[in-house]
$ cat final_31.cif   # mmCIF, C-alpha atoms; chains and numbers go by the auth columns
data_protein
#
loop_
_atom_site.group_PDB
_atom_site.id
_atom_site.type_symbol
_atom_site.label_atom_id
_atom_site.label_comp_id
_atom_site.label_asym_id
_atom_site.label_seq_id
_atom_site.Cartn_x
_atom_site.Cartn_y
_atom_site.Cartn_z
_atom_site.B_iso_or_equiv
_atom_site.auth_seq_id
_atom_site.auth_asym_id
ATOM 1 C CA MET A 1 105.399 97.642 94.321 0.00 88 P
ATOM 2 C CA ASN A 2 102.991 97.059 97.171 0.00 89 P
ATOM 3 C CA TYR A 3 101.860 99.447 99.880 0.00 90 P
ATOM 4 C CA HIS A 4 104.276 98.182 102.517 0.00 91 P
ATOM 5 C CA ASP A 5 107.201 98.461 100.092 0.00 92 P
ATOM 6 C CA LEU A 6 106.291 102.120 99.520 0.00 93 P
ATOM 7 C CA ILE A 7 106.132 102.792 103.263 0.00 94 P
ATOM 8 C CA ARG A 8 109.434 101.003 103.815 0.00 95 P
ATOM 9 C CA ARG A 9 111.131 103.072 101.095 0.00 96 P
ATOM 10 C CA ILE A 10 109.928 106.315 102.681 0.00 97 P
ATOM 11 C CA LYS A 11 111.072 105.140 106.115 0.00 98 P
ATOM 12 C CA ASP A 12 114.495 104.233 104.715 0.00 99 P
ATOM 13 C CA MET A 13 114.907 107.586 102.951 0.00 100 P
ATOM 14 C CA THR A 14 113.742 109.758 105.845 0.00 101 P
ATOM 15 C CA SER A 15 114.219 107.794 109.079 0.00 102 P
ATOM 16 C CA ALA A 16 110.572 108.553 109.860 0.00 103 P
ATOM 17 C CA ASP A 17 108.454 105.958 111.637 0.00 104 P
ATOM 18 C CA GLU A 18 105.815 103.900 109.846 0.00 105 P
ATOM 19 C CA ASP A 19 102.868 106.154 110.763 0.00 106 P
ATOM 20 C CA ALA A 20 104.683 109.302 109.634 0.00 107 P
ATOM 21 C CA SER A 21 105.719 107.613 106.388 0.00 108 P
ATOM 22 C CA GLN A 22 102.144 106.497 105.792 0.00 109 P
ATOM 23 C CA ASP A 23 100.834 110.020 106.428 0.00 110 P
ATOM 24 C CA ALA A 24 103.324 111.495 103.940 0.00 111 P
ATOM 25 C CA LEU A 25 102.431 108.918 101.305 0.00 112 P
ATOM 26 C CA GLU A 26 98.682 109.401 101.655 0.00 113 P
ATOM 27 C CA LEU A 27 99.030 113.181 101.679 0.00 114 P
ATOM 28 C CA VAL A 28 101.062 113.129 98.459 0.00 115 P
ATOM 29 C CA VAL A 29 98.534 110.821 96.792 0.00 116 P
ATOM 30 C CA GLU A 30 95.623 113.047 97.887 0.00 117 P
ATOM 31 C CA ASN A 31 97.291 116.277 96.782 0.00 118 P
ATOM 32 C CA VAL A 32 98.408 114.917 93.434 0.00 119 P
ATOM 33 C CA ALA A 33 95.014 113.344 92.733 0.00 120 P
ATOM 34 C CA ALA A 34 93.164 116.525 93.702 0.00 121 P
ATOM 35 C CA HIS A 35 94.843 118.396 90.836 0.00 122 P
ATOM 36 C CA LEU A 36 94.459 115.793 88.097 0.00 123 P
ATOM 37 C CA THR A 37 91.794 115.619 85.425 0.00 124 P
ATOM 38 C CA ASP A 38 89.269 112.803 85.876 0.00 125 P
ATOM 39 C CA HIS A 39 90.893 110.704 83.164 0.00 126 P
ATOM 40 C CA THR A 40 94.411 111.068 84.570 0.00 127 P
ATOM 41 C CA ARG A 41 93.167 110.567 88.128 0.00 128 P
ATOM 42 C CA ARG A 42 91.572 107.242 87.188 0.00 129 P
ATOM 43 C CA GLY A 43 94.814 106.033 85.596 0.00 130 P
ATOM 44 C CA PHE A 44 96.839 107.265 88.554 0.00 131 P
ATOM 45 C CA ALA A 45 94.542 105.501 91.018 0.00 132 P
ATOM 46 C CA ALA A 46 94.468 102.261 89.028 0.00 133 P
ATOM 47 C CA ALA A 47 98.247 101.927 89.234 0.00 134 P
ATOM 48 C CA LEU A 48 98.373 102.374 93.011 0.00 135 P
ATOM 49 C CA PRO A 49 98.139 99.662 95.675 0.00 136 P
ATOM 50 C CA ASP A 50 94.621 98.980 96.977 0.00 137 P
ATOM 51 C CA GLU A 51 95.370 100.761 100.264 0.00 138 P
ATOM 52 C CA LEU A 52 95.791 104.059 98.382 0.00 139 P
ATOM 53 C CA GLN A 53 92.771 103.784 96.104 0.00 140 P
ATOM 54 C CA SER A 54 90.433 105.960 98.190 0.00 141 P
ATOM 55 C CA ALA A 55 93.105 108.631 98.705 0.00 142 P
ATOM 56 C CA ALA A 56 93.657 108.675 94.942 0.00 143 P
ATOM 57 C CA GLN A 57 90.008 109.433 94.290 0.00 144 P
ATOM 58 C CA MET A 58 90.294 112.827 95.978 0.00 145 P
ATOM 59 C CA VAL A 59 88.444 115.696 94.415 0.00 146 P
ATOM 60 C CA PRO A 60 89.764 119.215 94.929 0.00 147 P
ATOM 61 C CA THR A 61 88.833 120.915 98.187 0.00 148 P
ATOM 62 C CA ALA A 62 89.637 124.380 99.443 0.00 149 P
ATOM 63 C CA ASN A 63 92.218 122.834 101.771 0.00 150 P
ATOM 64 C CA HIS A 64 94.163 121.269 98.908 0.00 151 P
ATOM 65 C CA ILE A 65 94.089 124.460 96.910 0.00 152 P
ATOM 66 C CA ASP A 66 94.778 126.998 99.669 0.00 153 P
ATOM 67 C CA GLU A 67 97.375 125.241 101.810 0.00 154 P
ATOM 68 C CA ASN A 68 100.556 123.825 100.372 0.00 155 P
ATOM 69 C CA ILE A 69 101.431 120.197 100.843 0.00 156 P
ATOM 70 C CA ILE A 70 104.440 120.949 103.052 0.00 157 P
ATOM 71 C CA GLU A 71 102.289 122.967 105.468 0.00 158 P
ATOM 72 C CA GLN A 72 99.671 120.219 105.505 0.00 159 P
ATOM 73 C CA LEU A 73 102.250 117.640 106.605 0.00 160 P
ATOM 74 C CA MET A 74 103.804 120.051 109.116 0.00 161 P
ATOM 75 C CA ASP A 75 100.371 120.473 110.722 0.00 162 P
ATOM 76 C CA LEU A 76 99.453 116.784 110.534 0.00 163 P
ATOM 77 C CA GLU A 77 102.706 115.420 111.948 0.00 164 P
ATOM 78 C CA ASP A 78 103.849 118.444 113.981 0.00 165 P
ATOM 79 C CA VAL A 79 107.236 118.458 112.246 0.00 166 P
ATOM 80 C CA ASP A 80 109.499 121.215 110.998 0.00 167 P
ATOM 81 C CA GLU A 81 109.587 122.324 107.379 0.00 168 P
ATOM 82 C CA THR A 82 112.809 120.460 106.566 0.00 169 P
ATOM 83 C CA SER A 83 111.416 117.139 107.814 0.00 170 P
ATOM 84 C CA ALA A 84 108.125 117.702 106.015 0.00 171 P
ATOM 85 C CA ARG A 85 109.906 118.496 102.727 0.00 172 P
ATOM 86 C CA ARG A 86 112.112 115.425 103.025 0.00 173 P
ATOM 87 C CA ARG A 87 109.103 113.148 103.670 0.00 174 P
ATOM 88 C CA ILE A 88 107.052 114.624 100.822 0.00 175 P
ATOM 89 C CA LYS A 89 109.937 114.246 98.374 0.00 176 P
ATOM 90 C CA ALA A 90 110.574 110.663 99.530 0.00 177 P
ATOM 91 C CA ALA A 91 106.892 109.774 99.151 0.00 178 P
ATOM 92 C CA TRP A 92 106.804 111.205 95.634 0.00 179 P
ATOM 93 C CA GLN A 93 110.023 109.415 94.710 0.00 180 P
ATOM 94 C CA ALA A 94 108.588 106.097 95.912 0.00 181 P
ATOM 95 C CA LEU A 95 105.306 106.704 94.060 0.00 182 P
ATOM 96 C CA SER A 96 107.104 107.723 90.880 0.00 183 P
ATOM 97 C CA ASP A 97 108.735 104.309 90.690 0.00 184 P
ATOM 98 C CA ILE A 98 105.287 102.783 90.094 0.00 185 P
ATOM 99 C CA PHE A 99 104.974 104.714 86.824 0.00 186 P
ATOM 100 C CA ASP A 100 107.167 104.967 83.756 0.00 187 P
ATOM 101 C CA SER A 101 108.816 108.307 83.007 0.00 188 P
ATOM 102 C CA ARG A 102 106.169 109.314 80.441 0.00 189 P
ATOM 103 C CA GLU A 103 103.384 108.692 82.953 0.00 190 P
ATOM 104 C CA VAL A 104 105.223 110.735 85.597 0.00 191 P
ATOM 105 C CA ASP A 105 105.599 113.564 83.071 0.00 192 P
ATOM 106 C CA ASP A 106 101.872 113.363 82.225 0.00 193 P
ATOM 107 C CA ILE A 107 100.964 113.534 85.916 0.00 194 P
ATOM 108 C CA THR A 108 103.302 116.392 86.792 0.00 195 P
ATOM 109 C CA SER A 109 102.205 118.376 83.720 0.00 196 P
ATOM 110 C CA GLU A 110 98.743 118.681 85.295 0.00 197 P
ATOM 111 C CA LEU A 111 100.005 119.807 88.706 0.00 198 P
ATOM 112 C CA PRO A 112 100.379 123.434 89.775 0.00 199 P
ATOM 113 C CA ARG A 113 103.961 124.669 89.826 0.00 200 P
ATOM 114 C CA GLN A 114 104.051 124.918 93.638 0.00 201 P
ATOM 115 C CA VAL A 115 102.982 121.283 94.012 0.00 202 P
ATOM 116 C CA VAL A 116 105.657 120.099 91.557 0.00 203 P
ATOM 117 C CA ALA A 117 108.249 122.187 93.419 0.00 204 P
ATOM 118 C CA ALA A 118 107.300 120.539 96.709 0.00 205 P
ATOM 119 C CA LEU A 119 107.489 117.044 95.206 0.00 206 P
ATOM 120 C CA GLU A 120 110.819 117.417 93.453 0.00 207 P
#
$ encode --input "final_31.cif" --output "structure tokens"
Amino acid sequence: MNYHDLIRRIKDMTSADEDASQDALELVVENVAAHLTDHTRRGFAAALPDELQSAAQMVPTANHIDENIIEQLMDLEDVDETSARRRIKAAWQALSDIFDSREVDDITSELPRQVVAALE
């Protein structure tokens, strides 16, 4: 699945515009990558479209640890919590289709509980 297919899937699931869908996708990639071990992060990044490679190389920052992903998108896009949740879940659903179920399980097993809750 290429980058534009991912964006289109998020747009279709949420009725968000292309920029908002792109922001949600990149934010999910950054937040997931920030919590993965180096080995898992490299595998995660390698499976993603080229446009998401730099976002997937995120290393943890205080922002990713202190502020939840829903709040980050609410601030970035100036949307309500319901819209932010819907976009985050749609972005994760689209990303999950790139990986097989075992890989998704491996990725989510490394994420903090609050991140998994926001994604699912």
$ atom_distance --input "final_31.cif" --atom1 "CA of Met88 (chain P)" --atom2 "CA of Ala134 (chain P)"
9.8 Å
$ residues_around --input "final_31.cif" --residues "Leu123 (chain P)" --least-positions-apart "3" --cutoff "8 Å" --atoms "only C-alpha atoms" --output "list in words"
Val119, Ala120, His126, Thr127, Arg128, Ile194, Glu197 and Leu198 of chain P
$ atom_distance --input "final_31.cif" --atom1 "CA of Phe186 (chain P)" --atom2 "CA of Leu206 (chain P)"
15.1 Å
$ closest_residue --input "final_31.cif" --among "P:Asp162, P:Asp110, P:Leu93, P:His122" --to "Arg200 (chain P)" --atoms "only C-alpha atoms"
P:His122
$ axis_aligned_box --input "final_31.cif" --around "region 94-109 of chain P" --padding-each-side "4 Å" --output "lines of an AutoDock Vina configuration file"
center_x = 108.5
center_y = 105.4
center_z = 106.4
size_x = 20.8
size_y = 16.8
size_z = 18.5
$ atom_distance --input "final_31.cif" --atom1 "CA of Ile94 (chain P)" --atom2 "CA of Ile157 (chain P)"
18.2 Å
$ closest_residue --input "final_31.cif" --among "P:Ile185, P:Ala204, P:Val116, P:Ile156" --to "Ala171 (chain P)" --atoms "only C-alpha atoms"
P:Ile156
$ decode --input "final_31.cif" --residues "region 125-136 of chain P" --atoms "all heavy atoms" --output "compact mmCIF listing (two decimals), in the first residue's frame"
# COMPACT_ATOMS: atom_id res chain seq x y z
N ASP P 125 14.91 -0.31 19.09
CA ASP P 125 15.60 0.00 17.84
C ASP P 125 15.34 -1.07 16.77
O ASP P 125 15.08 -0.75 15.61
CB ASP P 125 17.10 0.15 18.06
CG ASP P 125 17.46 1.46 18.74
OD1 ASP P 125 16.65 2.41 18.70
OD2 ASP P 125 18.56 1.53 19.33
N HIS P 126 15.42 -2.31 17.16
CA HIS P 126 15.21 -3.40 16.20
C HIS P 126 13.80 -3.36 15.61
O HIS P 126 13.63 -3.44 14.39
CB HIS P 126 15.46 -4.75 16.89
CG HIS P 126 15.14 -5.92 16.03
ND1 HIS P 126 15.95 -6.32 14.99
CD2 HIS P 126 14.08 -6.77 16.03
CE1 HIS P 126 15.41 -7.36 14.39
NE2 HIS P 126 14.28 -7.67 15.01
N THR P 127 12.81 -3.23 16.46
CA THR P 127 11.42 -3.20 15.98
C THR P 127 11.16 -1.94 15.17
O THR P 127 10.48 -1.99 14.15
CB THR P 127 10.43 -3.29 17.17
OG1 THR P 127 10.74 -4.46 17.95
CG2 THR P 127 8.99 -3.38 16.68
N ARG P 128 11.73 -0.83 15.60
CA ARG P 128 11.56 0.43 14.88
C ARG P 128 12.10 0.34 13.45
O ARG P 128 11.47 0.80 12.51
CB ARG P 128 12.24 1.58 15.62
CG ARG P 128 11.99 2.94 14.97
CD ARG P 128 12.69 4.10 15.68
NE ARG P 128 12.37 4.13 17.09
CZ ARG P 128 13.28 4.02 18.07
NH1 ARG P 128 14.56 3.88 17.79
NH2 ARG P 128 12.90 4.07 19.32
N ARG P 129 13.24 -0.30 13.30
CA ARG P 129 13.83 -0.46 11.95
C ARG P 129 12.92 -1.30 11.06
O ARG P 129 12.70 -0.97 9.89
CB ARG P 129 15.23 -1.06 12.04
CG ARG P 129 16.28 -0.05 12.46
CD ARG P 129 17.69 -0.57 12.23
NE ARG P 129 18.00 -1.75 13.03
CZ ARG P 129 18.45 -1.72 14.28
NH1 ARG P 129 18.66 -0.55 14.87
NH2 ARG P 129 18.70 -2.83 14.93
N GLY P 130 12.36 -2.38 11.60
CA GLY P 130 11.44 -3.21 10.83
C GLY P 130 10.16 -2.49 10.50
O GLY P 130 9.64 -2.60 9.38
N PHE P 131 9.66 -1.74 11.46
CA PHE P 131 8.45 -0.93 11.27
C PHE P 131 8.68 0.08 10.15
O PHE P 131 7.90 0.17 9.20
CB PHE P 131 8.12 -0.23 12.60
CG PHE P 131 6.96 0.72 12.57
CD1 PHE P 131 5.66 0.27 12.41
CD2 PHE P 131 7.16 2.08 12.75
CE1 PHE P 131 4.58 1.15 12.41
CE2 PHE P 131 6.10 2.98 12.76
CZ PHE P 131 4.80 2.50 12.59
N ALA P 132 9.79 0.80 10.23
CA ALA P 132 10.10 1.83 9.23
C ALA P 132 10.30 1.22 7.85
O ALA P 132 9.82 1.78 6.85
CB ALA P 132 11.35 2.60 9.65
N ALA P 133 10.96 0.09 7.78
CA ALA P 133 11.25 -0.53 6.48
C ALA P 133 9.99 -0.92 5.72
O ALA P 133 9.98 -0.93 4.49
CB ALA P 133 12.14 -1.75 6.68
N ALA P 134 8.93 -1.22 6.44
CA ALA P 134 7.68 -1.65 5.80
C ALA P 134 6.83 -0.47 5.32
O ALA P 134 5.90 -0.67 4.54
CB ALA P 134 6.87 -2.50 6.77
N LEU P 135 7.15 0.73 5.77
CA LEU P 135 6.33 1.89 5.46
C LEU P 135 6.72 2.52 4.12
O LEU P 135 7.86 2.39 3.68
CB LEU P 135 6.47 2.94 6.57
CG LEU P 135 6.00 2.52 7.95
CD1 LEU P 135 6.33 3.60 8.97
CD2 LEU P 135 4.51 2.21 7.96
N PRO P 136 5.78 3.25 3.52
CA PRO P 136 6.11 4.00 2.29
C PRO P 136 7.24 5.00 2.57
O PRO P 136 7.42 5.47 3.70
CB PRO P 136 4.81 4.73 1.95
CG PRO P 136 3.74 3.98 2.65
CD PRO P 136 4.37 3.40 3.89
